[in-house]
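Text of the file model.tsv, holding TSV, C-alpha atoms (C1' of nucleotides):
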chain	number	residue	atom	x	y	z
A	1	MET	CA	-44.39	-75.08	-78.66
A	2	LYS	CA	-44.84	-75.59	-82.35
A	3	ASN	CA	-46.75	-72.45	-83.33
A	4	LEU	CA	-43.93	-69.99	-83.66
A	5	PRO	CA	-44.31	-66.23	-83.82
A	6	ILE	CA	-43.30	-64.62	-87.09
A	7	ASP	CA	-40.67	-62.28	-85.66
A	8	ASP	CA	-37.74	-63.89	-87.43
A	9	PHE	CA	-39.61	-63.98	-90.74
A	10	ASP	CA	-38.44	-61.68	-93.53
A	11	ILE	CA	-41.77	-60.40	-94.75
A	12	LYS	CA	-40.48	-58.12	-97.49
A	13	SER	CA	-38.29	-60.78	-99.02
A	14	PHE	CA	-41.14	-63.28	-98.86
A	15	GLN	CA	-43.54	-60.86	-100.63
A	16	ASP	CA	-40.97	-60.19	-103.37
A	17	ASP	CA	-40.21	-63.84	-104.04
A	18	LEU	CA	-43.88	-64.75	-104.02
A	19	ILE	CA	-45.12	-61.92	-106.21
A	20	SER	CA	-42.30	-62.08	-108.75
A	21	TRP	CA	-42.97	-65.82	-109.12
A	22	PHE	CA	-46.64	-65.05	-109.74
A	23	GLU	CA	-45.74	-62.45	-112.34
A	24	ARG	CA	-43.69	-65.07	-114.20
A	25	GLU	CA	-45.78	-68.19	-113.77
A	26	GLN	CA	-49.44	-67.23	-113.39
A	27	ARG	CA	-51.88	-69.11	-115.60
A	28	LYS	CA	-53.82	-67.26	-118.23
A	29	LEU	CA	-57.40	-67.44	-117.04
A	30	PRO	CA	-60.51	-65.87	-118.58
A	31	TRP	CA	-61.25	-63.79	-115.46
A	32	ARG	CA	-57.72	-62.40	-115.45
A	33	GLU	CA	-58.09	-60.61	-118.77
A	34	ASP	CA	-59.24	-57.41	-117.10
A	35	ARG	CA	-60.25	-56.12	-113.67
A	36	ASP	CA	-63.99	-55.92	-114.16
A	37	PRO	CA	-65.35	-56.39	-110.60
A	38	TYR	CA	-68.38	-58.24	-112.01
A	39	LYS	CA	-66.18	-60.84	-113.71
A	40	ILE	CA	-63.99	-61.19	-110.64
A	41	TRP	CA	-67.11	-61.66	-108.54
A	42	VAL	CA	-68.69	-64.29	-110.80
A	43	SER	CA	-65.41	-66.20	-111.06
A	44	GLU	CA	-64.94	-66.23	-107.29
A	45	ILE	CA	-68.44	-67.60	-106.74
A	46	MET	CA	-67.89	-70.31	-109.36
A	47	LEU	CA	-64.52	-71.18	-107.86
A	48	GLN	CA	-65.96	-71.88	-104.42
A	49	GLN	CA	-65.19	-75.56	-103.78
A	50	THR	CA	-64.70	-76.00	-107.51
A	51	ARG	CA	-61.54	-76.52	-109.54
A	52	VAL	CA	-60.28	-74.01	-112.06
A	53	ASP	CA	-60.46	-76.47	-114.97
A	54	THR	CA	-64.11	-77.18	-114.19
A	55	VAL	CA	-65.00	-73.51	-113.94
A	56	ILE	CA	-63.40	-72.23	-117.16
A	57	PRO	CA	-66.05	-73.40	-119.67
A	58	TYR	CA	-68.89	-72.41	-117.35
A	59	PHE	CA	-67.36	-68.97	-116.89
A	60	ARG	CA	-67.04	-68.39	-120.63
A	61	ARG	CA	-70.61	-69.45	-121.32
A	62	PHE	CA	-71.92	-67.43	-118.40
A	63	MET	CA	-70.18	-64.26	-119.56
A	64	GLU	CA	-71.43	-64.75	-123.08
A	65	LYS	CA	-74.97	-65.10	-121.83
A	66	PHE	CA	-74.81	-62.51	-119.02
A	67	PRO	CA	-72.01	-60.08	-119.98
A	68	THR	CA	-72.96	-57.39	-117.46
A	69	ILE	CA	-74.58	-56.97	-114.08
A	70	GLU	CA	-77.60	-55.56	-115.82
A	71	ALA	CA	-77.93	-58.57	-118.12
A	72	LEU	CA	-77.78	-60.98	-115.19
A	73	ALA	CA	-80.18	-58.90	-113.12
A	74	ASP	CA	-82.71	-58.98	-115.95
A	75	ALA	CA	-82.54	-62.75	-116.50
A	76	SER	CA	-85.04	-65.25	-115.08
A	77	GLU	CA	-83.99	-67.62	-112.32
A	78	ASP	CA	-84.67	-70.67	-114.49
A	79	GLU	CA	-82.36	-69.28	-117.14
A	80	VAL	CA	-79.64	-68.58	-114.59
A	81	LEU	CA	-79.98	-72.02	-112.99
A	82	LYS	CA	-79.71	-73.63	-116.40
A	83	ALA	CA	-76.40	-71.82	-116.99
A	84	TRP	CA	-75.16	-73.27	-113.68
A	85	GLU	CA	-76.43	-76.81	-114.36
A	86	GLY	CA	-73.77	-79.37	-113.42
A	87	LEU	CA	-71.64	-76.99	-111.36
A	88	GLY	CA	-73.28	-77.92	-108.07
A	89	TYR	CA	-73.99	-75.88	-104.94
A	90	TYR	CA	-76.87	-74.21	-106.74
A	91	SER	CA	-77.60	-71.77	-103.93
A	92	ARG	CA	-74.43	-70.03	-105.09
A	93	VAL	CA	-76.06	-68.85	-108.28
A	94	ARG	CA	-79.41	-68.10	-106.70
A	95	ASN	CA	-77.62	-65.91	-104.15
A	96	LEU	CA	-75.48	-64.33	-106.88
A	97	HIS	CA	-78.58	-63.54	-108.88
A	98	ALA	CA	-80.23	-61.88	-105.87
A	99	ALA	CA	-77.04	-59.98	-105.02
A	100	VAL	CA	-76.61	-58.70	-108.55
A	101	LYS	CA	-80.15	-57.35	-108.47
A	102	GLU	CA	-79.27	-55.68	-105.19
A	103	VAL	CA	-76.20	-54.05	-106.75
A	104	GLU	CA	-78.25	-52.94	-109.73
A	105	GLU	CA	-80.90	-51.35	-107.54
A	106	HIS	CA	-78.98	-49.92	-104.60
A	107	TYR	CA	-75.49	-49.30	-105.95
A	108	GLY	CA	-76.38	-48.10	-109.43
A	109	GLY	CA	-74.93	-51.25	-110.98
A	110	THR	CA	-71.44	-50.80	-109.50
A	111	VAL	CA	-70.01	-53.46	-107.19
A	112	PRO	CA	-69.33	-51.72	-103.85
A	113	ASP	CA	-65.72	-51.35	-102.68
A	114	THR	CA	-65.92	-51.39	-98.90
A	115	PRO	CA	-65.70	-54.53	-96.71
A	116	GLU	CA	-68.98	-53.66	-94.97
A	117	GLU	CA	-70.98	-53.29	-98.19
A	118	VAL	CA	-69.43	-56.16	-100.13
A	119	SER	CA	-69.86	-58.56	-97.22
A	120	LYS	CA	-73.56	-57.77	-97.03
A	121	LEU	CA	-74.16	-59.14	-100.53
A	122	LYS	CA	-75.83	-62.55	-100.58
A	123	GLY	CA	-73.38	-65.38	-101.07
A	124	VAL	CA	-70.36	-63.19	-100.36
A	125	GLY	CA	-68.57	-64.46	-97.27
A	126	PRO	CA	-65.20	-63.52	-95.78
A	127	TYR	CA	-63.16	-65.19	-98.52
A	128	THR	CA	-65.09	-63.80	-101.49
A	129	ALA	CA	-65.28	-60.32	-99.97
A	130	GLY	CA	-61.51	-60.28	-99.57
A	131	ALA	CA	-60.99	-61.62	-103.07
A	132	ILE	CA	-63.19	-58.96	-104.67
A	133	LEU	CA	-61.72	-56.12	-102.62
A	134	SER	CA	-58.11	-57.10	-103.22
A	135	ILE	CA	-58.26	-58.34	-106.81
A	136	ALA	CA	-60.78	-55.88	-108.26
A	137	TYR	CA	-60.03	-52.85	-106.07
A	138	GLY	CA	-56.46	-53.38	-104.87
A	139	LEU	CA	-57.32	-53.18	-101.16
A	140	PRO	CA	-55.13	-55.04	-98.61
A	141	GLU	CA	-57.83	-57.44	-97.37
A	142	PRO	CA	-57.15	-61.12	-96.62
A	143	ALA	CA	-58.75	-63.73	-98.90
A	144	VAL	CA	-58.26	-66.96	-97.02
A	145	ASP	CA	-59.35	-70.13	-98.77
A	146	GLY	CA	-58.18	-73.74	-98.44
A	147	ASN	CA	-55.08	-73.06	-100.54
A	148	VAL	CA	-53.99	-70.13	-98.41
A	149	MET	CA	-54.43	-72.06	-95.17
A	150	ARG	CA	-52.40	-74.99	-96.51
A	151	VAL	CA	-49.61	-72.80	-97.84
A	152	LEU	CA	-49.31	-70.63	-94.75
A	153	ALA	CA	-49.63	-73.57	-92.36
A	154	ARG	CA	-46.53	-74.99	-94.01
A	155	ILE	CA	-44.55	-71.79	-94.43
A	156	LEU	CA	-45.07	-70.61	-90.85
A	157	SER	CA	-45.52	-74.06	-89.29
A	158	ILE	CA	-49.00	-73.36	-87.97
A	159	TRP	CA	-50.57	-76.46	-86.40
A	160	GLU	CA	-54.18	-75.27	-86.27
A	161	ASP	CA	-56.78	-77.78	-87.47
A	162	ILE	CA	-57.78	-76.14	-90.76
A	163	ALA	CA	-61.03	-78.13	-90.84
A	164	LYS	CA	-62.28	-76.08	-87.90
A	165	PRO	CA	-64.14	-72.83	-88.71
A	166	SER	CA	-62.09	-70.98	-86.09
A	167	ALA	CA	-58.89	-71.62	-88.05
A	168	ARG	CA	-59.78	-69.14	-90.78
A	169	LYS	CA	-59.51	-66.18	-88.41
A	170	VAL	CA	-56.03	-67.24	-87.33
A	171	PHE	CA	-54.88	-67.23	-90.94
A	172	GLU	CA	-56.62	-63.94	-91.70
A	173	GLU	CA	-54.59	-62.31	-88.95
A	174	VAL	CA	-51.43	-63.83	-90.41
A	175	VAL	CA	-52.29	-62.49	-93.87
A	176	ARG	CA	-52.93	-59.02	-92.44
A	177	LYS	CA	-49.34	-59.09	-91.17
A	178	LEU	CA	-47.84	-60.51	-94.38
A	179	ILE	CA	-49.85	-58.93	-97.18
A	180	SER	CA	-48.11	-56.60	-99.62
A	181	ARG	CA	-49.44	-53.06	-99.41
A	182	GLU	CA	-48.05	-52.36	-102.86
A	183	ASN	CA	-49.85	-55.24	-104.55
A	184	PRO	CA	-52.48	-56.96	-102.41
A	185	SER	CA	-54.10	-58.40	-105.52
A	186	PHE	CA	-51.05	-60.32	-106.68
A	187	PHE	CA	-50.11	-61.27	-103.13
A	188	ASN	CA	-53.48	-62.97	-102.52
A	189	GLN	CA	-53.63	-64.53	-105.96
A	190	ALA	CA	-50.05	-65.73	-105.66
A	191	LEU	CA	-50.76	-67.58	-102.42
A	192	MET	CA	-53.67	-69.36	-104.07
A	193	GLU	CA	-51.79	-70.01	-107.30
A	194	LEU	CA	-48.91	-71.45	-105.32
A	195	GLY	CA	-51.33	-73.75	-103.48
A	196	ALA	CA	-52.83	-74.88	-106.78
A	197	LEU	CA	-49.61	-75.38	-108.75
A	198	VAL	CA	-46.77	-76.07	-106.29
A	199	CYS	CA	-47.79	-76.38	-102.65
A	200	THR	CA	-50.37	-79.07	-103.37
A	201	PRO	CA	-52.09	-81.19	-100.70
A	202	LYS	CA	-50.17	-84.33	-101.65
A	203	SER	CA	-46.57	-84.52	-102.81
A	204	PRO	CA	-45.94	-80.78	-103.15
A	205	SER	CA	-43.17	-79.68	-105.52
A	206	CYS	CA	-40.93	-78.14	-102.90
A	207	LEU	CA	-37.91	-78.20	-105.17
A	208	LEU	CA	-39.70	-75.85	-107.56
A	209	CYS	CA	-41.08	-73.62	-104.82
A	210	PRO	CA	-40.22	-69.92	-105.10
A	211	VAL	CA	-40.54	-69.42	-101.34
A	212	ARG	CA	-38.88	-72.64	-100.21
A	213	GLU	CA	-36.24	-70.68	-98.32
A	214	HIS	CA	-38.99	-69.04	-96.27
A	215	CYS	CA	-40.74	-72.34	-95.49
A	216	ARG	CA	-40.43	-73.67	-91.96
A	217	ALA	CA	-42.12	-76.97	-92.73
A	218	PHE	CA	-39.61	-77.61	-95.51
A	219	ARG	CA	-36.72	-76.69	-93.25
A	220	GLU	CA	-38.03	-78.86	-90.43
A	221	GLY	CA	-39.14	-81.80	-92.58
A	222	THR	CA	-42.82	-81.57	-91.60
A	223	ILE	CA	-44.27	-80.93	-95.05
A	224	ASP	CA	-46.20	-84.20	-95.00
A	225	GLU	CA	-47.66	-83.45	-91.56
A	226	LEU	CA	-48.94	-79.99	-92.45
A	227	PRO	CA	-51.55	-78.74	-92.61
A	228	VAL	CA	-53.38	-80.53	-89.81
A	229	LYS	CA	-56.86	-81.40	-91.03
A	230	SER	CA	-59.40	-83.54	-89.16
A	231	LYS	CA	-61.61	-85.85	-91.22
A	232	GLY	CA	-65.31	-85.39	-91.77
A	233	LYS	CA	-67.82	-88.11	-91.07
A	234	LYS	CA	-69.16	-90.45	-93.72
A	235	GLN	CA	-72.27	-89.89	-95.78
A	236	LYS	CA	-75.77	-91.13	-95.04
A	237	GLN	CA	-77.19	-93.52	-97.61
A	238	ILE	CA	-80.66	-92.93	-99.02
A	239	ARG	CA	-82.55	-95.36	-101.25
A	240	LEU	CA	-84.90	-93.75	-103.74
A	241	GLN	CA	-87.34	-94.95	-106.33
A	242	ALA	CA	-87.84	-92.80	-109.39
A	243	ALA	CA	-90.01	-93.14	-112.48
A	244	VAL	CA	-89.86	-91.77	-115.96
A	245	LEU	CA	-93.56	-91.40	-116.66
A	246	GLU	CA	-95.07	-90.73	-120.08
A	247	ASP	CA	-98.56	-89.46	-120.67
A	248	GLU	CA	-100.65	-90.63	-123.59
A	249	ASP	CA	-99.05	-88.06	-125.89
A	250	GLY	CA	-95.55	-89.31	-125.05
A	251	ARG	CA	-94.71	-86.29	-122.92
A	252	ILE	CA	-92.59	-86.77	-119.82
A	253	LEU	CA	-93.64	-85.85	-116.30
A	254	ILE	CA	-91.16	-83.65	-114.44
A	255	HIS	CA	-91.24	-82.07	-111.00
A	256	LYS	CA	-89.71	-78.89	-109.64
A	257	ARG	CA	-88.04	-79.29	-106.24
A	258	PRO	CA	-88.90	-76.96	-103.33
A	259	ASP	CA	-87.16	-73.58	-103.14
A	260	LYS	CA	-85.17	-74.56	-100.07
A	261	GLY	CA	-82.80	-77.39	-99.23
A	262	LEU	CA	-81.09	-79.91	-101.43
A	263	LEU	CA	-81.05	-79.02	-105.14
A	264	ALA	CA	-83.49	-76.19	-104.56
A	265	ASN	CA	-85.62	-75.21	-107.58
A	266	MET	CA	-84.01	-77.83	-109.81
A	267	TRP	CA	-86.16	-80.12	-111.96
A	268	GLU	CA	-86.30	-83.90	-111.58
A	269	PHE	CA	-88.25	-86.99	-112.52
A	270	VAL	CA	-90.67	-88.02	-109.80
A	271	GLN	CA	-88.98	-89.88	-106.99
A	272	VAL	CA	-89.72	-91.03	-103.44
A	273	GLU	CA	-87.61	-92.43	-100.64
A	274	GLU	CA	-87.82	-96.21	-100.43
A	275	SER	CA	-89.56	-97.63	-97.39
A	276	THR	CA	-87.75	-100.10	-95.20
A	277	VAL	CA	-91.07	-101.81	-94.55
A	278	LEU	CA	-92.94	-102.07	-97.79
A	279	PRO	CA	-91.78	-104.19	-100.71
A	280	ALA	CA	-89.93	-102.63	-103.61
A	281	ARG	CA	-91.98	-100.43	-105.91
A	282	GLN	CA	-94.93	-100.35	-103.51
A	283	VAL	CA	-93.97	-96.97	-102.11
A	284	LEU	CA	-93.62	-95.44	-105.52
A	285	LYS	CA	-96.90	-96.92	-106.68
A	286	ASP	CA	-98.69	-95.72	-103.56
A	287	TYR	CA	-97.25	-92.25	-103.94
A	288	LEU	CA	-98.09	-91.95	-107.59
A	289	GLY	CA	-101.38	-93.78	-107.27
A	290	ASP	CA	-102.81	-90.92	-105.26
A	291	VAL	CA	-102.45	-88.64	-108.24
A	292	PHE	CA	-102.20	-90.77	-111.35
A	293	LYS	CA	-103.55	-93.87	-112.88
A	294	ILE	CA	-100.42	-95.79	-113.67
A	295	GLU	CA	-100.36	-98.48	-116.30
A	296	ALA	CA	-99.01	-101.90	-115.55
A	297	ALA	CA	-95.69	-100.94	-117.14
A	298	LEU	CA	-94.59	-99.91	-113.69
A	299	GLU	CA	-94.88	-103.56	-112.71
A	300	THR	CA	-91.86	-104.38	-114.82
A	301	GLU	CA	-88.42	-104.35	-113.31
A	302	HIS	CA	-86.48	-101.11	-112.93
A	303	PHE	CA	-84.48	-100.36	-116.06
A	304	THR	CA	-81.48	-98.78	-114.36
A	305	GLU	CA	-79.87	-98.04	-111.03
A	306	ILE	CA	-78.13	-94.77	-110.38
A	307	ARG	CA	-75.67	-94.10	-107.58
A	308	HIS	CA	-74.81	-90.51	-106.87
A	309	VAL	CA	-72.43	-89.38	-104.13
A	310	PHE	CA	-72.92	-85.96	-102.56
A	311	THR	CA	-70.66	-84.44	-99.92
A	312	HIS	CA	-72.93	-85.49	-97.07
A	313	LEU	CA	-75.13	-88.22	-98.51
A	314	ILE	CA	-75.41	-90.98	-101.09
A	315	TRP	CA	-78.40	-91.52	-103.34
A	316	ASP	CA	-79.14	-94.99	-104.67
A	317	ILE	CA	-81.99	-94.65	-107.14
A	318	ARG	CA	-83.94	-97.46	-108.80
A	319	VAL	CA	-85.64	-96.12	-111.87
A	320	TYR	CA	-88.86	-97.44	-113.35
A	321	HIS	CA	-90.75	-96.65	-116.51
A	322	GLY	CA	-94.49	-96.10	-116.57
A	323	LYS	CA	-97.37	-94.59	-118.45
A	324	ILE	CA	-99.98	-92.19	-117.12
A	325	LEU	CA	-103.47	-92.94	-118.34
A	326	ASN	CA	-105.35	-89.96	-117.01
A	327	GLN	CA	-105.02	-86.25	-117.69
A	328	VAL	CA	-102.24	-84.63	-115.66
A	329	GLN	CA	-103.20	-81.45	-113.85
A	330	GLU	CA	-100.17	-79.22	-114.40
A	331	THR	CA	-99.00	-76.88	-111.64
A	332	ASN	CA	-95.93	-74.73	-111.07
A	333	GLU	CA	-94.15	-77.79	-109.70
A	334	LEU	CA	-95.50	-80.41	-112.08
A	335	LYS	CA	-95.22	-80.39	-115.85
A	336	CYS	CA	-95.50	-82.71	-118.80
A	337	VAL	CA	-92.97	-81.81	-121.46
A	338	PRO	CA	-92.06	-83.31	-124.85
A	339	PRO	CA	-88.89	-85.44	-124.71
A	340	ASP	CA	-86.93	-83.04	-126.89
A	341	GLU	CA	-87.57	-80.23	-124.42
A	342	ILE	CA	-86.30	-82.08	-121.35
A	343	GLU	CA	-82.83	-80.71	-121.80
A	344	THR	CA	-84.01	-77.11	-121.66
A	345	PHE	CA	-84.70	-77.58	-117.94
A	346	ALA	CA	-82.02	-77.54	-115.24
A	347	PHE	CA	-81.58	-81.07	-113.86
A	348	PRO	CA	-79.10	-82.23	-111.21
A	349	VAL	CA	-76.55	-84.72	-112.49
A	350	PRO	CA	-78.17	-87.86	-111.02
A	351	HIS	CA	-81.33	-87.08	-112.97
A	352	GLN	CA	-79.36	-86.29	-116.10
A	353	LYS	CA	-78.02	-89.82	-115.70
A	354	ILE	CA	-81.58	-91.13	-115.45
A	355	TRP	CA	-82.56	-89.41	-118.69
A	356	LYS	CA	-79.50	-90.74	-120.47
A	357	ALA	CA	-80.22	-94.29	-119.31
A	358	PHE	CA	-83.86	-93.93	-120.30
A	359	ARG	CA	-83.04	-92.91	-123.85
A	360	GLU	CA	-80.56	-95.73	-124.27
A	361	GLN	CA	-83.05	-98.20	-122.92
A	362	ALA	CA	-85.73	-96.90	-125.30
A	363	LYS	CA	-83.27	-97.22	-128.19
A	364	SER	CA	-82.54	-100.87	-127.42
A	365	GLU	CA	-86.27	-101.58	-127.10
A	366	LYS	CA	-86.71	-100.26	-130.61
A	367	VAL	CA	-83.94	-102.46	-131.96
A	368	LYS	CA	-85.64	-105.45	-130.38
A	369	ASP	CA	-88.94	-104.51	-132.04
A	370	ILE	CA	-87.31	-104.27	-135.42
A	371	LYS	CA	-85.54	-107.58	-135.03
A	372	GLY	CA	-88.71	-109.25	-133.64
B	373	DA	C1'	-69.52	-75.26	-83.63
B	374	DA	C1'	-72.03	-78.55	-86.69
B	375	DT	C1'	-74.52	-79.36	-90.47
B	376	DC	C1'	-76.14	-78.65	-94.98
B	377	DC	C1'	-75.18	-77.80	-99.78
B	378	DG	C1'	-72.81	-80.74	-105.74
B	379	DG	C1'	-69.89	-82.47	-108.53
B	380	DG	C1'	-65.62	-83.82	-110.53
B	381	DG	C1'	-60.79	-85.19	-110.82
B	382	DG	C1'	-56.50	-87.18	-109.11
B	383	DC	C1'	-54.36	-90.95	-107.24
C	384	DG	C1'	-62.11	-95.97	-102.38
C	385	DC	C1'	-60.42	-91.40	-100.32
C	386	DC	C1'	-59.30	-86.64	-100.60
C	387	DC	C1'	-59.91	-82.13	-101.95
C	388	DC	C1'	-61.26	-78.28	-104.25
C	389	DA	C1'	-60.32	-69.88	-105.05
C	390	DG	C1'	-66.80	-71.42	-99.18
C	391	DG	C1'	-71.34	-69.66	-97.45
C	392	DA	C1'	-75.78	-70.04	-95.11
C	393	DT	C1'	-78.35	-72.01	-91.62
C	394	DT	C1'	-79.15	-73.95	-87.25
Could you take the file, read its structure, and then write that structure out as structure tokens?
Amino acid sequence: MKNLPIDDFDIKSFQDDLISWFEREQRKLPWREDRDPYKIWVSEIMLQQTRVDTVIPYFRRFMEKFPTIEALADASEDEVLKAWEGLGYYSRVRNLHAAVKEVEEHYGGTVPDTPEEVSKLKGVGPYTAGAILSIAYGLPEPAVDGNVMRVLARILSIWEDIAKPSARKVFEEVVRKLISRENPSFFNQALMELGALVCTPKSPSCLLCPVREHCRAFREGTIDELPVKSKGKKQKQIRLQAAVLEDEDGRILIHKRPDKGLLANMWEFVQVEESTVLPARQVLKDYLGDVFKIEAALETEHFTEIRHVFTHLIWDIRVYHGKILNQVQETNELKCVPPDEIETFAFPVPHQKIWKAFREQAKSEKVKDIKG
DNA sequence: AATCCGGGGGC
DNA sequence: GCCCCAGGATT
């Protein structure tokens, strides 16, 4: 029996060692400057599946642009998406935007402070609810993320598979038993900070650990076996053909993705999935040919290939260059924009790479012209 | 319970 | 390459 009860565990001593370490060693972070629930909330959404160092510049820019709940509620979705461009998991910010409007309308602009109300907000799950309630309001609610599961799995020698959704509840019950009633905020933050700075996934710094004496895995030599985490399956590969298309005025054709699913509401250059049957480029030409007259430029070879790895799939994109000879009928999803305005739209990273490659290719063409 | 949903950094 | 990251919504 490896999952031991926590009877022989000195909770008070553990809390003291953990919290006093946090008071000494915590990093200075922009969302720790005050206890504004709005800032705590935004930071927690940004930090979902995203490292602190990545989040910091986004957080600063976001707060400059949308300093209050009211400012964010009044912004347009395109503006908000643009501020999130490059951070990934874009439904986070669309949900945040909707939730902030909800708070503005139904809670008079004040983030609610009960588990029931906070949890109802879009994009606020068990972790984020606990984080807001404990950090912003000082309530003893668990905030169990990947760090907390790793740290507690080691300290208490818990052999649950932390990749399984059911594991989170086990750890929430553990936190309810361990959490400091005097300082729930620092207790929760300290567990996460410890996971980020000391009790790391690989080669943890046990010799520097403030709670080493409380750690069963350290005592029993099982640090490298804990936590137990099953592996996910590998990504599906998708071949795409994309085109940077210019109209006769040199404007670029861009397309807005549907409001659900992958990269919802983000802009992109036109692209289609490659057929396994038809020869290269034929699919793209057929697709575009229904709508546009495409000049022979599309007959030339693709000018770049982009590989982009997502969590659950891999895009391999061949990118062509073409010219549109007829008038483009613009819609909400289809626009022609001048090249210098491309960067005002929110593009996913793979299509930012396409634009970068396109400009460099155009530059080298120019050099050739001059030399020729 | 599985699957979907981004992107980057560390090794 | 592989792993993981201050997870949540949908099915």
**Report entry** For DT394 in chain C: contacts at 10 Å, all atoms listed in the file, fewer than 2 positions along chain excluded, given as a PyMOL selection string
**Finding:** (chain B and resi 374-376) or (chain C and resi 392)
Write out as JSON lines the residues of chain C that have any atom within 9 Å of an atom of chain A, one row each with the nearest atom pair and its distance in Å to one decimal, counting all atoms listed in the file, sorted by chain and then rising number.
{"residue": "C:DC387", "atom": "C1'", "partner": "A:Pro201", "partner_atom": "CA", "distance": 8.0}
{"residue": "C:DC388", "atom": "C1'", "partner": "A:Gln49", "partner_atom": "CA", "distance": 4.8}
{"residue": "C:DA389", "atom": "C1'", "partner": "A:Leu47", "partner_atom": "CA", "distance": 5.2}
{"residue": "C:DG390", "atom": "C1'", "partner": "A:Gln48", "partner_atom": "CA", "distance": 5.3}
{"residue": "C:DG391", "atom": "C1'", "partner": "A:Gly125", "partner_atom": "CA", "distance": 5.9}
{"residue": "C:DA392", "atom": "C1'", "partner": "A:Gly123", "partner_atom": "CA", "distance": 7.9}
Should the cut-off be 9 Å, what would the residue list for chain B against chain A look like, counting all atoms listed in the file, as an mmCIF file with C-alpha atoms (C1' of nucleotides), keeping the file's coordinate frame?
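Heads up, here's the output in result-v3.cif:
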data_model
loop_
_atom_site.group_PDB
_atom_site.id
_atom_site.type_symbol
_atom_site.label_atom_id
_atom_site.label_comp_id
_atom_site.auth_asym_id
_atom_site.auth_seq_id
_atom_site.Cartn_x
_atom_site.Cartn_y
_atom_site.Cartn_z
ATOM 1 C "C1'" DA B 373 -69.520 -75.260 -83.630
ATOM 2 C "C1'" DC B 376 -76.140 -78.650 -94.980
ATOM 3 C "C1'" DC B 377 -75.180 -77.800 -99.780
ATOM 4 C "C1'" DG B 378 -72.810 -80.740 -105.740
ATOM 5 C "C1'" DG B 379 -69.890 -82.470 -108.530
ATOM 6 C "C1'" DG B 380 -65.620 -83.820 -110.530
ATOM 7 C "C1'" DG B 381 -60.790 -85.190 -110.820
#
Query raised in the report: What is the distance between CA of His214 in chain A and CA of Ser230 in chain A, in Å to one decimal?
Result: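 According to the coordinates, CA of His214 in chain A and CA of Ser230 in chain A are separated by 26.0 Å.
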Requested in this report: Kindly give the distance, in Å, that separates C1' of DC385 in chain C and CA of Leu207 in chain A, rounded to a single decimal.
Outcome: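 Here the two named atoms are 26.5 Å from each other.
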Requested in this report: Write out as a list of chain:residue names which residues come within 10 Å of Glu248 in chain A when counting only C-alpha atoms (C1' of nucleotides), dropping same-chain ones fewer than 6 positions away.
Outcome: A:Lys323, A:Ile324, A:Leu325, A:Asn326, A:Gln327
Query raised in the report: Leaving out range 233-242 of chain A and any residue of its chain fewer than 4 positions from it, which residues lie within 6 Å of it when counting all atoms listed in the file, given as a VMD selection string?
Result: chain A and resid 270 to 274 312 to 319
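The space between CA of Arg150 in chain A and CA of Pro227 in chain A spans 5.5 Å.
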Nearby residues, (-69.8, -67.3, -117.2) file frame, 10 Å, only C-alpha atoms (C1' of nucleotides), as a PDB file with C-alpha atoms, keeping the file's coordinate frame:
ATOM      1  CA  PRO A  30     -60.510 -65.870-118.580  1.00  0.00           C
ATOM      2  CA  TRP A  31     -61.250 -63.790-115.460  1.00  0.00           C
ATOM      3  CA  LYS A  39     -66.180 -60.840-113.710  1.00  0.00           C
ATOM      4  CA  VAL A  42     -68.690 -64.290-110.800  1.00  0.00           C
ATOM      5  CA  SER A  43     -65.410 -66.200-111.060  1.00  0.00           C
ATOM      6  CA  MET A  46     -67.890 -70.310-109.360  1.00  0.00           C
ATOM      7  CA  VAL A  55     -65.000 -73.510-113.940  1.00  0.00           C
ATOM      8  CA  ILE A  56     -63.400 -72.230-117.160  1.00  0.00           C
ATOM      9  CA  PRO A  57     -66.050 -73.400-119.670  1.00  0.00           C
ATOM     10  CA  TYR A  58     -68.890 -72.410-117.350  1.00  0.00           C
ATOM     11  CA  PHE A  59     -67.360 -68.970-116.890  1.00  0.00           C
ATOM     12  CA  ARG A  60     -67.040 -68.390-120.630  1.00  0.00           C
ATOM     13  CA  ARG A  61     -70.610 -69.450-121.320  1.00  0.00           C
ATOM     14  CA  PHE A  62     -71.920 -67.430-118.400  1.00  0.00           C
ATOM     15  CA  MET A  63     -70.180 -64.260-119.560  1.00  0.00           C
ATOM     16  CA  GLU A  64     -71.430 -64.750-123.080  1.00  0.00           C
ATOM     17  CA  LYS A  65     -74.970 -65.100-121.830  1.00  0.00           C
ATOM     18  CA  PHE A  66     -74.810 -62.510-119.020  1.00  0.00           C
ATOM     19  CA  PRO A  67     -72.010 -60.080-119.980  1.00  0.00           C
ATOM     20  CA  ALA A  83     -76.400 -71.820-116.990  1.00  0.00           C
ATOM     21  CA  TRP A  84     -75.160 -73.270-113.680  1.00  0.00           C
TER      22      TRP A  84
END
Query raised in the report: Could you name the residues that touch Cys215 in chain A at 9 Å or less, counting all atoms listed in the file, but leaving out those on the same chain fewer than 5 positions away, as a list of chain:residue names?
Result: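 These residues fall inside the cut-off: A:Leu152, A:Arg154, A:Ile155, A:Leu156, A:Ser157, A:Glu220.
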With C-alpha atoms retained, write the just-selected residues as a compact mmCIF listing (two decimals), in the frame of the given file.
# COMPACT_ATOMS: atom_id res chain seq x y z
CA LEU A 152 -49.31 -70.63 -94.75
CA ARG A 154 -46.53 -74.99 -94.01
CA ILE A 155 -44.55 -71.79 -94.43
CA LEU A 156 -45.07 -70.61 -90.85
CA SER A 157 -45.52 -74.06 -89.29
CA GLU A 220 -38.03 -78.86 -90.43
